[in-house]
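Structure below is coords.txt: compact mmCIF, C-alpha atoms and all ligand atoms.
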```
# COMPACT_ATOMS: atom_id res chain seq x y z
CA MET A 1 24.00 -19.08 22.68
CA ALA A 2 23.34 -19.26 26.39
CA ASN A 3 26.21 -20.51 28.53
CA GLN A 4 24.79 -23.83 29.53
CA THR A 5 23.55 -24.67 26.02
CA ILE A 6 24.58 -28.22 25.14
CA ILE A 7 22.80 -28.74 21.80
CA ALA A 8 21.61 -26.15 19.32
CA PHE A 9 19.79 -26.44 15.99
CA GLU A 10 20.23 -23.53 13.59
CA ASN A 11 17.95 -23.43 10.55
CA VAL A 12 17.97 -27.21 10.29
CA SER A 13 15.96 -28.82 7.50
CA LYS A 14 15.72 -32.45 6.50
CA GLN A 15 14.52 -33.69 3.17
CA TYR A 16 13.86 -37.27 2.05
CA ASP A 17 13.53 -37.26 -1.76
CA GLU A 18 10.74 -34.75 -2.38
CA ASP A 19 9.56 -34.70 1.23
CA LEU A 20 10.62 -31.83 3.47
CA VAL A 21 10.12 -33.55 6.84
CA LEU A 22 11.81 -30.90 9.03
CA LYS A 23 11.41 -27.25 8.10
CA ASP A 24 13.92 -24.71 9.36
CA ILE A 25 14.16 -25.92 12.96
CA ASN A 26 15.78 -23.64 15.55
CA PHE A 27 16.15 -24.45 19.23
CA GLU A 28 18.59 -24.64 22.12
CA ILE A 29 18.83 -27.44 24.64
CA GLU A 30 20.26 -26.54 28.04
CA GLN A 31 22.50 -28.88 29.98
CA GLY A 32 20.83 -30.93 32.73
CA LYS A 33 17.19 -30.40 31.82
CA PHE A 34 14.42 -32.79 30.80
CA TYR A 35 13.11 -31.96 27.33
CA THR A 36 10.17 -33.52 25.56
CA LEU A 37 9.39 -33.51 21.86
CA LEU A 38 5.62 -33.83 21.63
CA GLY A 39 3.57 -34.14 18.47
CA PRO A 40 1.43 -36.39 16.30
CA SER A 41 2.75 -39.35 14.34
CA GLY A 42 4.97 -38.38 11.44
CA CYS A 43 5.68 -34.81 12.62
CA GLY A 44 9.45 -35.43 12.74
CA LYS A 45 10.26 -36.29 16.36
CA THR A 46 12.37 -39.36 15.62
CA THR A 47 14.11 -37.50 12.81
CA ILE A 48 15.28 -34.84 15.29
CA LEU A 49 16.68 -37.53 17.59
CA ARG A 50 18.42 -39.21 14.65
CA LEU A 51 20.04 -35.93 13.67
CA ILE A 52 21.28 -35.38 17.23
CA ALA A 53 22.60 -38.95 17.46
CA GLY A 54 24.24 -38.74 14.04
CA PHE A 55 22.21 -41.54 12.41
CA THR A 56 21.15 -39.22 9.60
CA GLU A 57 22.42 -35.98 8.09
CA ALA A 58 20.73 -32.58 7.92
CA THR A 59 19.93 -31.38 4.40
CA GLN A 60 20.51 -27.80 5.53
CA GLY A 61 21.50 -25.90 8.65
CA ASN A 62 23.88 -26.39 11.55
CA ILE A 63 23.80 -28.68 14.56
CA TYR A 64 25.99 -27.72 17.51
CA PHE A 65 27.12 -29.73 20.50
CA GLU A 66 28.77 -27.66 23.23
CA LYS A 67 29.20 -24.85 20.67
CA LYS A 68 31.03 -27.06 18.14
CA ARG A 69 29.40 -27.81 14.82
CA ILE A 70 28.85 -31.57 14.69
CA ASN A 71 27.12 -32.09 11.33
CA ASP A 72 30.09 -34.15 10.12
CA ILE A 73 30.97 -35.94 13.35
CA PRO A 74 30.11 -39.68 13.17
CA ALA A 75 27.57 -41.16 15.59
CA ASN A 76 30.12 -43.12 17.63
CA LYS A 77 32.08 -39.93 18.38
CA ARG A 78 29.07 -38.11 19.84
CA LYS A 79 28.48 -38.04 23.60
CA VAL A 80 24.90 -39.10 23.09
CA ASN A 81 23.08 -42.40 23.62
CA THR A 82 19.67 -43.50 22.43
CA VAL A 83 17.02 -45.69 24.02
CA PHE A 84 14.91 -46.93 21.13
CA GLN A 85 11.20 -47.51 21.17
CA ASP A 86 11.59 -51.27 20.73
CA TYR A 87 14.63 -51.21 23.09
CA ALA A 88 16.74 -53.04 20.46
CA LEU A 89 18.16 -55.43 23.08
CA PHE A 90 20.15 -58.50 22.03
CA PRO A 91 17.85 -61.46 22.70
CA HIS A 92 20.68 -64.00 22.74
CA LEU A 93 22.61 -62.14 25.46
CA ASN A 94 21.71 -61.96 29.14
CA VAL A 95 21.14 -58.74 31.06
CA PHE A 96 24.77 -58.31 32.04
CA GLU A 97 26.05 -58.82 28.50
CA ASN A 98 23.46 -56.46 27.03
CA VAL A 99 24.57 -53.67 29.34
CA ALA A 100 28.26 -54.51 28.88
CA PHE A 101 28.05 -54.56 25.09
CA GLY A 102 29.14 -51.00 24.36
CA LEU A 103 31.85 -51.16 27.02
CA ARG A 104 33.40 -54.26 25.43
CA ILE A 105 33.51 -52.46 22.09
CA LYS A 106 35.33 -49.63 23.83
CA LYS A 107 37.84 -52.25 25.07
CA MET A 108 37.29 -51.41 28.71
CA SER A 109 38.97 -53.82 31.15
CA LYS A 110 36.97 -56.79 32.45
CA GLN A 111 37.07 -55.46 35.96
CA ALA A 112 35.99 -51.93 35.01
CA ILE A 113 33.12 -53.39 32.99
CA ALA A 114 31.91 -55.46 35.93
CA ILE A 115 31.91 -52.40 38.18
CA LYS A 116 30.15 -50.20 35.65
CA VAL A 117 27.45 -52.74 34.79
CA LYS A 118 26.68 -53.27 38.48
CA GLU A 119 26.49 -49.54 39.02
CA VAL A 120 24.02 -48.83 36.22
CA LEU A 121 21.88 -51.89 36.99
CA ARG A 122 21.60 -50.59 40.53
CA LEU A 123 20.48 -47.21 39.16
CA VAL A 124 17.56 -48.82 37.36
CA GLN A 125 16.87 -51.22 40.24
CA LEU A 126 17.86 -54.41 38.48
CA ASP A 127 20.78 -55.38 40.76
CA CYS A 128 19.89 -59.04 41.00
CA PHE A 129 19.07 -59.62 37.36
CA GLU A 130 22.53 -59.81 35.81
CA ASP A 131 22.26 -63.43 34.73
CA ARG A 132 18.69 -63.33 33.49
CA GLU A 133 17.93 -63.92 29.84
CA ILE A 134 16.19 -61.04 28.08
CA SER A 135 13.32 -63.36 27.11
CA GLU A 136 12.66 -63.91 30.82
CA MET A 137 12.22 -60.20 31.56
CA SER A 138 8.93 -58.26 31.59
CA GLY A 139 8.34 -55.27 29.30
CA GLY A 140 9.14 -52.79 32.06
CA GLN A 141 12.31 -54.65 33.02
CA ARG A 142 13.50 -54.78 29.42
CA GLN A 143 12.93 -51.09 29.21
CA ARG A 144 15.17 -50.60 32.23
CA VAL A 145 17.87 -52.79 30.73
CA ALA A 146 17.79 -50.56 27.65
CA ILE A 147 18.18 -47.47 29.82
CA ALA A 148 20.99 -49.09 31.81
CA ARG A 149 22.80 -50.00 28.58
CA ALA A 150 22.57 -46.40 27.41
CA LEU A 151 23.69 -45.00 30.77
CA ALA A 152 26.70 -47.34 30.91
CA ASN A 153 28.31 -45.26 28.16
CA GLU A 154 28.07 -42.18 30.39
CA PRO A 155 26.41 -40.00 27.76
CA ASP A 156 26.04 -36.25 28.28
CA VAL A 157 22.69 -36.48 26.58
CA LEU A 158 20.25 -39.37 26.66
CA LEU A 159 17.75 -39.60 23.82
CA LEU A 160 14.60 -41.59 24.55
CA ASP A 161 12.27 -42.39 21.66
CA GLU A 162 8.81 -43.22 23.06
CA PRO A 163 10.35 -45.65 25.55
CA LEU A 164 7.14 -46.11 27.51
CA SER A 165 4.63 -46.69 24.75
CA ALA A 166 4.75 -50.50 24.96
CA LEU A 167 3.95 -50.57 28.68
CA ASP A 168 0.55 -50.83 30.34
CA LEU A 169 -0.84 -47.73 32.03
CA LYS A 170 0.20 -48.52 35.60
CA LEU A 171 3.76 -49.50 34.73
CA ARG A 172 3.98 -46.54 32.44
CA THR A 173 3.06 -44.12 35.23
CA ASN A 174 5.62 -45.76 37.54
CA MET A 175 8.31 -45.49 34.89
CA GLN A 176 7.46 -41.82 34.36
CA TYR A 177 8.28 -41.15 38.01
CA GLU A 178 11.40 -43.30 37.86
CA LEU A 179 12.76 -41.71 34.72
CA ARG A 180 12.15 -38.21 36.00
CA GLU A 181 13.80 -39.08 39.30
CA LEU A 182 16.76 -40.72 37.56
CA GLN A 183 17.27 -37.69 35.33
CA GLN A 184 17.30 -35.35 38.31
CA ARG A 185 19.66 -37.57 40.26
CA LEU A 186 22.16 -37.95 37.40
CA GLY A 187 21.79 -34.37 36.18
CA ILE A 188 22.28 -35.37 32.54
CA THR A 189 20.20 -33.93 29.74
CA PHE A 190 17.24 -36.05 28.61
CA ILE A 191 15.46 -35.59 25.31
CA PHE A 192 12.32 -37.63 25.46
CA VAL A 193 9.87 -38.27 22.63
CA THR A 194 6.20 -38.94 23.13
CA HIS A 195 2.86 -38.27 21.51
CA ASP A 196 1.12 -38.46 24.90
CA GLN A 197 0.44 -34.96 26.19
CA GLU A 198 -0.14 -35.99 29.81
CA GLU A 199 3.21 -37.74 29.86
CA ALA A 200 4.87 -34.62 28.45
CA LEU A 201 3.24 -32.35 31.01
CA ALA A 202 4.15 -34.63 33.92
CA MET A 203 7.80 -35.19 33.10
CA SER A 204 9.34 -32.21 31.36
CA ASP A 205 11.18 -29.04 32.21
CA GLU A 206 10.57 -27.90 28.64
CA ILE A 207 8.25 -29.15 25.93
CA PHE A 208 8.62 -28.62 22.18
CA VAL A 209 5.21 -29.04 20.57
CA MET A 210 5.69 -30.17 16.98
CA ASN A 211 3.48 -30.47 13.95
CA ALA A 212 4.29 -31.26 10.31
CA GLY A 213 8.05 -30.81 10.59
CA GLN A 214 7.99 -27.63 12.66
CA VAL A 215 8.28 -26.69 16.32
CA ILE A 216 5.02 -24.85 16.89
CA GLN A 217 5.64 -23.76 20.48
CA SER A 218 8.25 -24.36 23.16
CA GLY A 219 8.11 -23.65 26.86
CA THR A 220 7.48 -25.08 30.30
CA PRO A 221 4.47 -27.37 30.72
CA VAL A 222 2.63 -24.60 32.60
CA ASP A 223 3.40 -22.00 29.89
CA ILE A 224 2.17 -24.23 27.14
CA TYR A 225 -0.90 -25.34 29.00
CA ASP A 226 -1.87 -21.84 30.10
CA GLU A 227 -0.87 -19.91 26.99
CA PRO A 228 -1.22 -22.09 23.91
CA ILE A 229 -0.30 -19.94 20.91
CA ASN A 230 -2.79 -21.45 18.51
CA ARG A 231 -5.60 -23.90 18.07
CA PHE A 232 -3.30 -26.80 17.28
CA VAL A 233 -1.43 -26.49 20.59
CA ALA A 234 -4.59 -25.82 22.60
CA ASP A 235 -6.23 -28.88 21.08
CA PHE A 236 -3.19 -31.09 21.45
CA ILE A 237 -2.42 -30.19 25.07
CA GLY A 238 -5.37 -31.07 27.27
CA GLU A 239 -9.06 -30.65 26.62
CA SER A 240 -10.16 -27.26 25.36
CA ASN A 241 -13.23 -25.33 24.41
CA ILE A 242 -12.30 -23.21 21.40
CA VAL A 243 -14.66 -20.61 19.88
CA GLU A 244 -14.16 -17.79 17.41
CA GLY A 245 -14.29 -14.21 18.64
CA ASN A 246 -13.23 -10.60 18.08
CA MET A 247 -10.80 -8.51 20.08
CA LEU A 248 -12.80 -5.34 20.81
CA ALA A 249 -9.93 -3.61 22.63
CA ASP A 250 -7.16 -4.56 25.05
CA ASN A 251 -8.75 -6.61 27.85
CA GLN A 252 -12.05 -6.85 26.01
CA VAL A 253 -13.03 -9.78 23.81
CA GLU A 254 -16.31 -10.70 22.17
CA PHE A 255 -17.57 -14.24 21.63
CA VAL A 256 -21.01 -15.86 21.38
CA GLY A 257 -22.38 -12.34 20.78
CA GLN A 258 -21.29 -11.06 24.20
CA SER A 259 -18.44 -8.92 25.47
CA PHE A 260 -16.08 -10.27 28.17
CA GLU A 261 -13.27 -8.84 30.23
CA CYS A 262 -10.00 -10.72 29.64
CA VAL A 263 -6.29 -10.26 30.31
CA ASP A 264 -4.99 -10.35 26.74
CA GLY A 265 -4.10 -7.50 24.43
CA GLY A 266 -1.66 -6.20 21.87
CA MET A 267 -3.97 -6.86 18.92
CA ARG A 268 -5.79 -4.76 16.34
CA ARG A 269 -9.24 -3.43 17.19
CA ASN A 270 -11.81 -6.02 16.06
CA GLU A 271 -9.12 -8.49 15.11
CA PRO A 272 -10.66 -11.95 14.68
CA VAL A 273 -9.29 -14.34 17.28
CA GLU A 274 -9.79 -17.80 18.72
CA VAL A 275 -10.75 -18.05 22.37
CA VAL A 276 -9.82 -20.99 24.60
CA LEU A 277 -11.50 -21.89 27.88
CA ARG A 278 -10.36 -25.05 29.68
CA PRO A 279 -13.10 -27.41 30.98
CA GLU A 280 -11.69 -27.24 34.53
CA ASP A 281 -11.88 -23.42 34.55
CA LEU A 282 -15.64 -23.41 33.96
CA THR A 283 -18.04 -23.55 36.91
CA ILE A 284 -21.70 -24.42 36.61
CA THR A 285 -23.99 -21.96 38.35
CA SER A 286 -27.51 -20.56 37.96
CA PRO A 287 -28.37 -18.93 34.61
CA GLU A 288 -28.54 -15.51 36.38
CA ARG A 289 -25.04 -15.80 37.82
CA GLY A 290 -23.42 -17.32 34.75
CA LYS A 291 -21.51 -15.30 32.19
CA LEU A 292 -22.86 -17.60 29.50
CA VAL A 293 -26.13 -19.49 29.50
CA VAL A 294 -26.00 -23.03 28.14
CA GLU A 295 -28.10 -26.16 28.04
CA VAL A 296 -26.76 -29.39 29.52
CA ASP A 297 -26.67 -32.09 26.86
CA THR A 298 -24.82 -35.06 28.33
CA GLN A 299 -22.94 -36.03 31.45
CA LEU A 300 -20.32 -38.72 32.03
CA PHE A 301 -18.74 -39.77 35.33
CA ARG A 302 -14.95 -39.82 34.87
CA GLY A 303 -13.80 -40.91 38.32
CA VAL A 304 -12.39 -37.62 39.61
CA HIS A 305 -15.00 -35.41 37.97
CA TYR A 306 -18.09 -35.31 35.80
CA GLU A 307 -17.54 -34.42 32.18
CA ILE A 308 -20.54 -32.32 31.23
CA ILE A 309 -21.25 -31.30 27.64
CA CYS A 310 -23.38 -28.20 27.11
CA TYR A 311 -24.44 -26.07 24.13
CA ASP A 312 -24.94 -22.30 23.94
CA GLN A 313 -27.62 -20.58 21.78
CA ALA A 314 -25.14 -20.24 18.92
CA GLY A 315 -24.63 -24.01 18.90
CA ASN A 316 -21.08 -24.02 20.32
CA GLU A 317 -20.18 -27.03 22.44
CA TRP A 318 -18.82 -26.40 25.96
CA MET A 319 -17.15 -29.13 27.96
CA VAL A 320 -17.13 -28.63 31.73
CA HIS A 321 -15.25 -30.67 34.34
CA SER A 322 -17.13 -30.48 37.60
CA THR A 323 -17.19 -32.43 40.84
CA LYS A 324 -20.94 -31.72 41.03
CA LYS A 325 -23.59 -33.26 38.81
CA ALA A 326 -25.77 -31.21 36.49
CA LYS A 327 -29.25 -31.99 35.24
CA VAL A 328 -29.36 -33.11 31.63
CA GLY A 329 -31.74 -30.88 29.65
CA SER A 330 -31.61 -27.99 32.15
CA LYS A 331 -30.44 -24.45 31.42
CA VAL A 332 -27.43 -23.48 33.54
CA GLY A 333 -24.95 -20.62 33.74
CA LEU A 334 -21.21 -20.98 33.09
CA PHE A 335 -18.97 -18.84 35.25
CA PHE A 336 -15.27 -18.06 34.58
CA GLU A 337 -12.78 -15.37 35.52
CA PRO A 338 -11.12 -12.94 33.05
CA GLU A 339 -7.80 -14.81 33.42
CA ASP A 340 -9.45 -18.10 32.40
CA ILE A 341 -10.00 -16.69 28.92
CA HIS A 342 -7.03 -17.37 26.62
CA VAL A 343 -7.06 -15.36 23.42
CA MET A 344 -5.09 -16.61 20.41
CA ARG A 345 -4.36 -14.91 17.15
CA PHE A 346 -4.92 -16.85 13.94
CA ASN A 347 -1.67 -18.26 12.52
CA GLU A 348 0.64 -16.46 14.93
CA THR A 349 4.23 -17.72 15.04
CA GLU A 350 5.98 -18.34 18.33
CA GLU A 351 8.21 -15.25 17.87
CA GLU A 352 5.21 -13.02 17.14
CA PHE A 353 3.38 -14.46 20.11
CA ASP A 354 6.31 -13.82 22.48
CA ALA A 355 6.78 -10.29 21.14
CA ARG A 356 3.10 -9.51 21.57
CA LEU A 357 3.02 -10.80 25.16
CA GLU A 358 6.14 -8.84 26.00
CA SER A 359 4.96 -5.58 24.45
CA TYR A 360 1.60 -5.96 26.11
CA GLU A 361 3.02 -6.74 29.54
CA GLU A 362 5.39 -3.74 29.36
CA GLU A 363 2.51 -1.27 29.02
N1 LIG B 1 14.31 -42.95 5.87
C1 LIG B 1 13.24 -42.25 5.48
N2 LIG B 1 12.95 -42.08 4.17
C2 LIG B 1 11.88 -41.36 3.77
N3 LIG B 1 11.02 -40.75 4.61
C3 LIG B 1 11.25 -40.87 5.93
C4 LIG B 1 12.36 -41.61 6.44
N4 LIG B 1 12.33 -41.55 7.80
C5 LIG B 1 11.25 -40.80 8.11
N5 LIG B 1 10.60 -40.39 7.00
C6 LIG B 1 9.40 -39.52 6.96
O1 LIG B 1 9.66 -38.36 7.72
C7 LIG B 1 8.51 -37.95 8.45
C8 LIG B 1 8.86 -37.81 9.91
O2 LIG B 1 9.17 -39.09 10.43
P1 LIG B 1 9.53 -39.33 11.96
O3 LIG B 1 9.91 -40.76 12.09
O4 LIG B 1 10.53 -38.33 12.39
O5 LIG B 1 8.14 -39.04 12.67
P2 LIG B 1 7.73 -39.19 14.20
O6 LIG B 1 7.26 -37.84 14.65
O7 LIG B 1 8.82 -39.83 14.96
O8 LIG B 1 6.45 -40.14 14.10
P3 LIG B 1 5.97 -41.35 15.08
O9 LIG B 1 5.27 -40.69 16.24
O10 LIG B 1 5.00 -42.10 14.21
O11 LIG B 1 7.16 -42.16 15.45
C9 LIG B 1 7.43 -38.99 8.16
O12 LIG B 1 6.58 -38.47 7.17
C10 LIG B 1 8.21 -40.17 7.64
O13 LIG B 1 7.45 -40.90 6.72
MG MG B 2 9.01 -41.70 15.89
```

Could you show the structure in this file as C-alpha cells?
Ligand SMILES: Nc1ncnc2c1ncn2[C@@H]1O[C@H](COP(=O)(O)OP(=O)(O)OP(=O)(O)O)[C@@H](O)[C@H]1O
Ligand SMILES: [Mg+2]
Amino acid sequence: MANQTIIAFENVSKQYDEDLVLKDINFEIEQGKFYTLLGPSGCGKTTILRLIAGFTEATQGNIYFEKKRINDIPANKRKVNTVFQDYALFPHLNVFENVAFGLRIKKMSKQAIAIKVKEVLRLVQLDCFEDREISEMSGGQRQRVAIARALANEPDVLLLDEPLSALDLKLRTNMQYELRELQQRLGITFIFVTHDQEEALAMSDEIFVMNAGQVIQSGTPVDIYDEPINRFVADFIGESNIVEGNMLADNQVEFVGQSFECVDGGMRRNEPVEVVLRPEDLTITSPERGKLVVEVDTQLFRGVHYEIICYDQAGNEWMVHSTKKAKVGSKVGLFFEPEDIHVMRFNETEEEFDARLESYEEE
C-alpha cells in the first residue's frame, strides 16, 4: 500500500441473498484527495459507501483504514461521516441543533459545542442561520446544513451520496464549486457519489467508473476522458462516436474501409477493435481535405456549439461539435489528427489496458 493510503479495498464482494452486487473490488484511496464513484443506477455506489461507513458488512474480502483491517469495527468507531442523498436532517430541530446533534451524543461540553457549530456553519456560509427551522431553509441550504453536521465530527473521510441531485442546475453548479473548494481548504478525503459524468469530471482528482458491481476504470478525469478502456466508459463519459475497426499494425488502424494513422499499439495484427472519436475533435472541412467523407443529416444549435449529425457511406453516425454551421444534405469532409483516434480492445480489463499502454510506450 502506498504511504498516504487511507482506505483500501482488497477483493471485496457483497452479496444480498442470491445477488452479487459487488464483485471482487480492489482500490486504494489516498489521503486528502477528492474521489468520485460514477456509474449507472444500481451499479453498487451506495453499497461501497455503506461498507466504508460500516453500515453493512462485506461478504468477502478486506477493508482497511490507515492500514488496519476494519471489517469488524462498528460504524460509530470509524473516522468517517456520511452526507446522505436526502440529507436526513431532523425536521423538528433548528439548524444549530441539527449540527450539534452528534457532538451532544459525544458528550462534548456546551461551550465547545457552541464554538464548533459556529465554526462549521461559517465554513458552509450559514453563519446567521443558527436559529432557523429546517423547514424554513431552501434545498441548497439544507444541503449545507447536512455537510456542516458531518464536518462537525471532524471526520478523516467524508462520504457524500449524490448530495446535489435534488438541486436545480444553477445551484448545483454553485455547490460543485463550493464543495471542491471546501475539500481543498480542509484537506480531508472526500468520496463523492454521482451518476452525472460532467459533475464527476469537474470535481474529482480521481474517478472510479463503475458498472454492474465492478470498477471498470479508475484514473484522473483527463485520463478517463482521453483514454476510455472500453465502450461502456467511452459512452458513459461524454459524447462519443464509436465504430468497429481492425488494428493493421502499431500506429495503423482501419475503420470504414480506410486506413488511418493513430498513436495506439500493442495489439495483434488485424485484431478487431473499437475506435472512439470525440465530437469536439472532429472538424468539418471540404470533402477533398477530409479524412472521411460524410453527409450532413441534422444540425442543432446548442448554445456554445452546433451539434451536427452526419452519416458515412457505411451508415455509421458521426456527431460533430462545431462553432460553424454546416449545410444539411451536403457532403463534407471530417478532419482529425492521429492522436484524436482512441483505439480500444474488446473486453479489456483495466490491468490489461495499463500493461498494454506501458509496454507500448516503452518501445
Ligand atoms: N439491503 C439490500 N438488500 C438487497 N439488495 C440490495 C440492498 N441494498 C442494495 N441492494 C441492491 O444492490 C445493488 C446496488 O445497490 P446500490 O444502492 O449500491 O446502487 P447505486 O449504484 O447506489 O444506485 P443508485 O444510483 O440508484 O443510488 C442494487 O441492485 C440494489 O437493488
Ligand atoms: Mg445510491

Exercise. Could you please extract the residues within 9 Å of ligand LIG 1 (chain B), counting only C-alpha atoms and all ligand atoms, and hand them back as a PyMOL selection string?
Key: chain A and resi 14-17+19-22+37-50+56+85+161-162+193-195+210-213

Practice problem: Excluding Gly219 in chain A and any residue of its chain fewer than 4 positions from it, enumerate the residues within 12 Å of it, using only C-alpha atoms, and give them as a list in words. | Solution: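 Counting only C-alpha atoms, the residues come to Phe27, Glu28, Ile29, Phe34, Tyr35, Thr36, Leu37, Leu38, Ala200, Leu201, Ser204, Asp205, Glu206, Ile207, Phe208, Val209, Val215, Asp223, Ile224, Tyr225, Asp226, Glu227, Pro228, Ile229, Val233, Glu350 and Asp354 of chain A.
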
Exercise. Mind checking which residues fall within 12 Å of range 325-337 of chain A, counting all atoms listed in the file, ignoring those fewer than 3 positions away in the same chain, and posting them as a PyMOL selection string?
Key: chain A and resi 260-263+276-302+305-313+318-322+340-342

Exercise. Please tell me which residues are no farther than 9 Å from (23.6, -24.7, 20.1) in the file, counting all atoms listed in the file, and write them as a ChimeraX atom specification.
Key: /A:1-2,5-10,27-30,62-69

Quiz item: Can you list, as number ranges by chain, every protein, DNA or RNA residue that comes within 10 Å of Lys118 in chain A when you count all atoms listed in the file, leaving out same-chain residues fewer than 6 positions away?
Solution: A: 96, 99-100, 126-130, 148, 152

Can those selected residues be exported to a file as a PDB file, in the coordinates of the input so that it contains C-alpha atoms?
```pdb
ATOM      1  CA  PHE A  96      24.770 -58.310  32.040  1.00  0.00           C
ATOM      2  CA  VAL A  99      24.570 -53.670  29.340  1.00  0.00           C
ATOM      3  CA  ALA A 100      28.260 -54.510  28.880  1.00  0.00           C
ATOM      4  CA  LEU A 126      17.860 -54.410  38.480  1.00  0.00           C
ATOM      5  CA  ASP A 127      20.780 -55.380  40.760  1.00  0.00           C
ATOM      6  CA  CYS A 128      19.890 -59.040  41.000  1.00  0.00           C
ATOM      7  CA  PHE A 129      19.070 -59.620  37.360  1.00  0.00           C
ATOM      8  CA  GLU A 130      22.530 -59.810  35.810  1.00  0.00           C
ATOM      9  CA  ALA A 148      20.990 -49.090  31.810  1.00  0.00           C
ATOM     10  CA  ALA A 152      26.700 -47.340  30.910  1.00  0.00           C
TER      11      ALA A 152
END
```

Quiz item: Can you list, as a VMD selection string, every protein, DNA or RNA residue that comes within 10 Å of Arg269 in chain A when you count only C-alpha atoms, leaving out same-chain residues fewer than 5 positions away?
Solution: chain A and resid 246 to 250 252 to 253

Exercise. Please indicate the distance in Å from CA of Val157 in chain A to CA of Asn81 in chain A, rounded to one decimal place.
Key: 6.6 Å

Exercise. Measure the distance from CA of Thr349 in chain A to CA of Asp196 in chain A in Å and round it to one decimal.
Key: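 These two atoms are separated by 23.2 Å.
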
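When all atoms listed in the file are used to measure the gap to ligand MG 2 (chain B), the shortest distance among A:Leu159, A:Leu121, A:Val80, A:Leu103 belongs to A:Leu159.
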
Work out where the centre of an axis-aligned box around every listed atom of range 237-249 of chain A lies and how long its edges are once 3 Å is added on each side; give both in Å to one decimal as lines of an AutoDock Vina configuration file.
```
center_x = -8.5
center_y = -17.3
center_z = 22.3
size_x = 18.2
size_y = 33.5
size_z = 15.9
```

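Atom pair CA of Gln60 in chain A / atom MG of ligand MG 2 (chain B) has a distance of 20.8 Å (rounded to one decimal).
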
Practice problem: Give me the residues within 12 Å of Ala355 in chain A as a list in words, counting only C-alpha atoms and dropping any in the same chain fewer than 4 places off. | Solution: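 Contacts, with the query itself left out: Ile229, Gly265, Gly266, Met267, Glu348, Thr349, Glu350, Glu351, Ser359, Tyr360, Glu361 and Glu362 of chain A.
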
Exercise. Would you mind telling me which residue in A:Ala150, A:Leu160, A:Val95, A:Val273 lies nearest to ligand MG 2 (chain B) when using all atoms listed in the file?
Key: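 Smallest distance to ligand MG 2 (chain B) is found for A:Leu160.
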
Self-check item: Using all atoms listed in the file: which of A:Ala234, A:Phe192, A:Leu171, A:Val343 has the shortest distance to ligand MG 2 (chain B)
Solution: A:Phe192

Quiz item: Closest to ligand MG 2 (chain B) among A:Asp86, A:Glu57, A:Asp72, A:Asp235, using all atoms listed in the file?
Solution: A:Asp86

Within 10 Å of (21.0, -60.8, 29.7) (file coordinates; all atoms listed in the file), which protein or nucleic acid residues are there? I'd like them as a JSON list (two decimals) with C-alpha atoms, in the frame of the given file.
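Result saved to selection03.json:
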```
[["chain", "number", "residue", "atom", "x", "y", "z"],
["A", 89, "LEU", "CA", 18.16, -55.43, 23.08],
["A", 90, "PHE", "CA", 20.15, -58.50, 22.03],
["A", 91, "PRO", "CA", 17.85, -61.46, 22.70],
["A", 92, "HIS", "CA", 20.68, -64.00, 22.74],
["A", 93, "LEU", "CA", 22.61, -62.14, 25.46],
["A", 94, "ASN", "CA", 21.71, -61.96, 29.14],
["A", 95, "VAL", "CA", 21.14, -58.74, 31.06],
["A", 96, "PHE", "CA", 24.77, -58.31, 32.04],
["A", 97, "GLU", "CA", 26.05, -58.82, 28.50],
["A", 98, "ASN", "CA", 23.46, -56.46, 27.03],
["A", 99, "VAL", "CA", 24.57, -53.67, 29.34],
["A", 100, "ALA", "CA", 28.26, -54.51, 28.88],
["A", 129, "PHE", "CA", 19.07, -59.62, 37.36],
["A", 130, "GLU", "CA", 22.53, -59.81, 35.81],
["A", 131, "ASP", "CA", 22.26, -63.43, 34.73],
["A", 132, "ARG", "CA", 18.69, -63.33, 33.49],
["A", 133, "GLU", "CA", 17.93, -63.92, 29.84],
["A", 134, "ILE", "CA", 16.19, -61.04, 28.08],
["A", 135, "SER", "CA", 13.32, -63.36, 27.11],
["A", 136, "GLU", "CA", 12.66, -63.91, 30.82],
["A", 137, "MET", "CA", 12.22, -60.20, 31.56],
["A", 142, "ARG", "CA", 13.50, -54.78, 29.42],
["A", 145, "VAL", "CA", 17.87, -52.79, 30.73]]
```

Quiz item: Restricting the calculation to all atoms listed in the file, which member of A:Arg172, A:Val222, A:Gln141, A:Asn230 is positioned closest to Glu352 in chain A?
Solution: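 Counting all atoms listed in the file, the residue closest to Glu352 in chain A is A:Asn230.
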
Practice problem: Pick out the closest residue to ligand MG 2 (chain B) from this set: A:Phe84, A:Ile115, A:Thr189, A:Arg149. Count all atoms listed in the file. | Solution: A:Phe84
